[in-house]
Amino acid sequence: MKTRFGLAASPIVCLLLAGCNGTLTTVAPPPAEVTTGTGNWIVSGLSQTTQAISPYSFGGSLINDNGQLSGVLHINQPCFGSGTTDVPYTGTVDAKNNLSIQSAPVAGQILTFHGVLAADGSSITNAGFTVTGGCTGSLTGGTVDEGPGALEVVTAFRIPALAGSWNTTTVVSGPILSEEIMQSSTPDSHGDYALTGAVTVQGSACFTKGTLQPGSFLSGNLGQEVVLMNDGSVLRATFTDSYHGPSSAAVRALDLYTGTITGGACDGPVDEFLQ
């Protein structure tokens, strides 16, 4: 049975600075693709209730079958299991690329989302969402005002696959991880995109290489790696993908920020191992 880690947002400073411990970076972003929107998505922005305005994000799979949409989201909020709970949905996109989805009820809550799908299928504009019922109460997020100069507080982007070479950058001496990652082109029943590949390690007295195992995945911008090392130990770590649109592709990074190494001489927290 697949085990999903609890996934929480990483410190924003590690997404902005190139020298954070455990940050995997890539130099060559993947080429642009023209699709119907099918793929892995991240939606982020601000939600507003009568009490407060706060960040809100969700992501996961989207499948467009001739205008009929389906997929599974993971919503990084406590009432939705902090990213651990599957939130299936269905929807449509019409001839003018107007997109609308509605989730199945989860803990008494229903998420609806709408916007305009870009011609190349890579983003959604004029986006907004509502969540009703359950422990969140009612909240909304979308474009503030209308017309030229309107502030769009919800953004949605299809995330290019994690394909290619990734290397850690550190600010202190420590082991260096290099990874060759491939991502499944289709999601599993949980809306997760499986990751496979090889890992090499320099500067560790315990192991020199490993392979990504089942349970490694990306969903939205949150994921996890399970790596079997050549000393028999297993590295498990959650990560955040910094991709938030084409402007961030050139500095795309994966921040490995929570996890453990078990079964060998290097047992302990991943963040301490990388220091």
# chains A, B, ... in the order shown; residues from 1 in each chain; ligands from 1
>>> closest_atom_pairs(of="segment 203-244 of chain A", to="segment 248-268 of chain A", cutoff="12 Å", atoms="only C-alpha atoms", output="Markdown table")
| residue | atom | partner | partner_atom | distance |
| --- | --- | --- | --- | --- |
| A:Ser204 | CA | A:Cys266 | CA | 8.6 |
| A:Ala205 | CA | A:Cys266 | CA | 8.2 |
| A:Cys206 | CA | A:Ala265 | CA | 6.1 |
| A:Phe207 | CA | A:Cys266 | CA | 8.7 |
| A:Leu218 | CA | A:Leu254 | CA | 10.7 |
| A:Asn221 | CA | A:Leu254 | CA | 9.2 |
| A:Leu222 | CA | A:Leu254 | CA | 9.3 |
| A:Gly223 | CA | A:Leu254 | CA | 9.3 |
| A:Gln224 | CA | A:Leu256 | CA | 8.5 |
| A:Glu225 | CA | A:Leu256 | CA | 8.8 |
| A:Val226 | CA | A:Gly259 | CA | 9.6 |
| A:Val227 | CA | A:Ile261 | CA | 9.2 |
| A:Leu228 | CA | A:Ile261 | CA | 9.8 |
| A:Met229 | CA | A:Gly264 | CA | 9.2 |
| A:Asn230 | CA | A:Gly264 | CA | 10.0 |
| A:Asp231 | CA | A:Gly264 | CA | 6.7 |
| A:Gly232 | CA | A:Gly263 | CA | 6.5 |
| A:Ser233 | CA | A:Gly263 | CA | 4.3 |
| A:Val234 | CA | A:Thr262 | CA | 5.4 |
| A:Leu235 | CA | A:Ile261 | CA | 4.4 |
| A:Arg236 | CA | A:Gly259 | CA | 5.2 |
| A:Ala237 | CA | A:Gly259 | CA | 4.0 |
| A:Thr238 | CA | A:Thr258 | CA | 5.5 |
| A:Phe239 | CA | A:Leu256 | CA | 4.5 |
| A:Thr240 | CA | A:Asp255 | CA | 5.3 |
| A:Asp241 | CA | A:Leu254 | CA | 4.7 |
| A:Ser242 | CA | A:Ala253 | CA | 5.4 |
| A:Tyr243 | CA | A:Ser248 | CA | 5.6 |
| A:His244 | CA | A:Ser248 | CA | 5.9 |
>>> select_by_dssp(residues="segment 68-244 of chain A", states="strand (DSSP E or B)", output="PyMOL selection string")
chain A and resi 68-75+87-93+98-103+106+109-117+123-132+139-141+143-144+151-152+154-158+164-169+176-183+193-202+209-212+217-219+222-229+234-241
>>> closest_atom_pairs(of="segment 49-127 of chain A", to="segment 41-45 of chain A", cutoff="10 Å", atoms="only C-alpha atoms", output="CSV")
residue,atom,partner,partner_atom,distance
A:Ser54,CA,A:Gly45,CA,8.4
A:Pro55,CA,A:Gly45,CA,5.8
A:Tyr56,CA,A:Gly45,CA,5.6
A:Ser57,CA,A:Ser44,CA,4.2
A:Phe58,CA,A:Val43,CA,5.4
A:Gly59,CA,A:Ile42,CA,4.2
A:Gly60,CA,A:Trp41,CA,5.4
A:Ser61,CA,A:Trp41,CA,6.2
A:Leu62,CA,A:Trp41,CA,7.1
A:Leu73,CA,A:Trp41,CA,8.9
A:His74,CA,A:Ile42,CA,9.7
A:Ile75,CA,A:Val43,CA,9.6
A:Phe113,CA,A:Val43,CA,9.8
A:Ser122,CA,A:Trp41,CA,9.0
A:Ser123,CA,A:Trp41,CA,8.7
A:Ile124,CA,A:Val43,CA,9.1
A:Ala127,CA,A:Val43,CA,9.1
>>> residues_around(residues="Val87 of chain A", least_positions_apart="4", cutoff="9 Å", atoms="only C-alpha atoms", output="ChimeraX atom specification")
/A:71-75,80,103-106,111,190
>>> closest_residue(among="A:Thr125, A:Gln202, A:Asn64, A:Asn167", to="Thr25 of chain A", atoms="only C-alpha atoms")
A:Asn167
>>> residues_around(residues="Thr140 of chain A", least_positions_apart="6", cutoff="12 Å", atoms="only C-alpha atoms", output="list of chain:residue names")
A:Gly45, A:Leu46, A:Ser47, A:Gln48, A:Thr49, A:Thr50, A:Ala52, A:Ile53, A:Ser54, A:Pro55, A:Tyr56, A:Ile110, A:Leu111, A:Thr112, A:Phe113, A:His114, A:Ala127, A:Gly128, A:Phe129, A:Thr130, A:Val131, A:Thr132, A:Val153, A:Val154
>>> write_last_selection(atoms="C-alpha atoms", output="PDB file, in the first residue's frame")
ATOM      1  CA  GLY A  45      -3.123  32.409  -4.311  1.00  0.00           C
ATOM      2  CA  LEU A  46      -4.990  34.095  -1.502  1.00  0.00           C
ATOM      3  CA  SER A  47      -8.300  33.124   0.017  1.00  0.00           C
ATOM      4  CA  GLN A  48     -10.627  35.549   1.739  1.00  0.00           C
ATOM      5  CA  THR A  49     -13.217  34.947   4.428  1.00  0.00           C
ATOM      6  CA  THR A  50     -15.066  37.449   6.585  1.00  0.00           C
ATOM      7  CA  ALA A  52      -9.011  37.070   7.194  1.00  0.00           C
ATOM      8  CA  ILE A  53      -7.039  36.800   3.969  1.00  0.00           C
ATOM      9  CA  SER A  54      -4.583  33.907   3.855  1.00  0.00           C
ATOM     10  CA  PRO A  55      -2.462  31.844   1.414  1.00  0.00           C
ATOM     11  CA  TYR A  56      -4.155  28.844  -0.162  1.00  0.00           C
ATOM     12  CA  ILE A 110     -16.608  20.973  -1.839  1.00  0.00           C
ATOM     13  CA  LEU A 111     -14.061  22.894  -3.891  1.00  0.00           C
ATOM     14  CA  THR A 112     -15.066  24.573  -7.161  1.00  0.00           C
ATOM     15  CA  PHE A 113     -12.553  26.174  -9.501  1.00  0.00           C
ATOM     16  CA  HIS A 114     -12.920  28.132 -12.739  1.00  0.00           C
ATOM     17  CA  ALA A 127      -8.934  32.005 -12.120  1.00  0.00           C
ATOM     18  CA  GLY A 128     -10.953  31.753  -8.948  1.00  0.00           C
ATOM     19  CA  PHE A 129     -12.121  29.155  -6.463  1.00  0.00           C
ATOM     20  CA  THR A 130     -14.578  28.595  -3.640  1.00  0.00           C
ATOM     21  CA  VAL A 131     -14.648  26.100  -0.787  1.00  0.00           C
ATOM     22  CA  THR A 132     -17.925  25.557   1.013  1.00  0.00           C
ATOM     23  CA  VAL A 153      -4.598  36.688  -6.678  1.00  0.00           C
ATOM     24  CA  VAL A 154      -5.004  33.116  -7.939  1.00  0.00           C
TER      25      VAL A 154
END
>>> closest_residue(among="A:Gln109, A:Asn66, A:Ser184, A:Thr35", to="Gly81 of chain A", atoms="only C-alpha atoms")
A:Gln109
>>> decode(residues="segment 81-95 of chain A", atoms="N, CA and C atoms", output="mmCIF file, in the first residue's frame")
data_model
loop_
_atom_site.group_PDB
_atom_site.id
_atom_site.type_symbol
_atom_site.label_atom_id
_atom_site.label_comp_id
_atom_site.auth_asym_id
_atom_site.auth_seq_id
_atom_site.Cartn_x
_atom_site.Cartn_y
_atom_site.Cartn_z
ATOM 1 N N GLY A 81 -6.590 17.362 5.159
ATOM 2 C CA GLY A 81 -5.527 16.415 5.468
ATOM 3 C C GLY A 81 -4.131 16.926 5.213
ATOM 4 N N SER A 82 -3.960 18.236 5.063
ATOM 5 C CA SER A 82 -2.640 18.850 4.817
ATOM 6 C C SER A 82 -1.899 18.192 3.659
ATOM 7 N N GLY A 83 -2.639 17.924 2.583
ATOM 8 C CA GLY A 83 -2.031 17.352 1.389
ATOM 9 C C GLY A 83 -2.050 15.843 1.322
ATOM 10 N N THR A 84 -2.487 15.169 2.382
ATOM 11 C CA THR A 84 -2.449 13.705 2.394
ATOM 12 C C THR A 84 -3.741 13.068 1.896
ATOM 13 N N THR A 85 -4.804 13.849 1.764
ATOM 14 C CA THR A 85 -6.113 13.320 1.392
ATOM 15 C C THR A 85 -6.386 13.516 -0.094
ATOM 16 N N ASP A 86 -6.832 12.458 -0.777
ATOM 17 C CA ASP A 86 -7.227 12.572 -2.185
ATOM 18 C C ASP A 86 -8.517 13.373 -2.292
ATOM 19 N N VAL A 87 -8.528 14.340 -3.234
ATOM 20 C CA VAL A 87 -9.721 15.143 -3.498
ATOM 21 C C VAL A 87 -10.054 14.979 -4.986
ATOM 22 N N PRO A 88 -10.846 13.963 -5.352
ATOM 23 C CA PRO A 88 -11.187 13.757 -6.767
ATOM 24 C C PRO A 88 -12.162 14.821 -7.253
ATOM 25 N N TYR A 89 -12.121 15.101 -8.556
ATOM 26 C CA TYR A 89 -13.000 16.115 -9.133
ATOM 27 C C TYR A 89 -13.328 15.771 -10.576
ATOM 28 N N THR A 90 -14.342 16.427 -11.091
ATOM 29 C CA THR A 90 -14.706 16.355 -12.507
ATOM 30 C C THR A 90 -15.031 17.759 -12.980
ATOM 31 N N GLY A 91 -15.078 17.943 -14.302
ATOM 32 C CA GLY A 91 -15.397 19.258 -14.840
ATOM 33 C C GLY A 91 -15.422 19.252 -16.347
ATOM 34 N N THR A 92 -15.444 20.452 -16.917
ATOM 35 C CA THR A 92 -15.500 20.611 -18.368
ATOM 36 C C THR A 92 -14.659 21.812 -18.794
ATOM 37 N N VAL A 93 -14.263 21.803 -20.064
ATOM 38 C CA VAL A 93 -13.695 22.983 -20.704
ATOM 39 C C VAL A 93 -14.400 23.123 -22.041
ATOM 40 N N ASP A 94 -14.936 24.335 -22.334
ATOM 41 C CA ASP A 94 -15.758 24.496 -23.529
ATOM 42 C C ASP A 94 -14.934 24.972 -24.721
ATOM 43 N N ALA A 95 -15.613 25.257 -25.832
ATOM 44 C CA ALA A 95 -14.937 25.647 -27.077
ATOM 45 C C ALA A 95 -14.180 26.960 -26.943
#
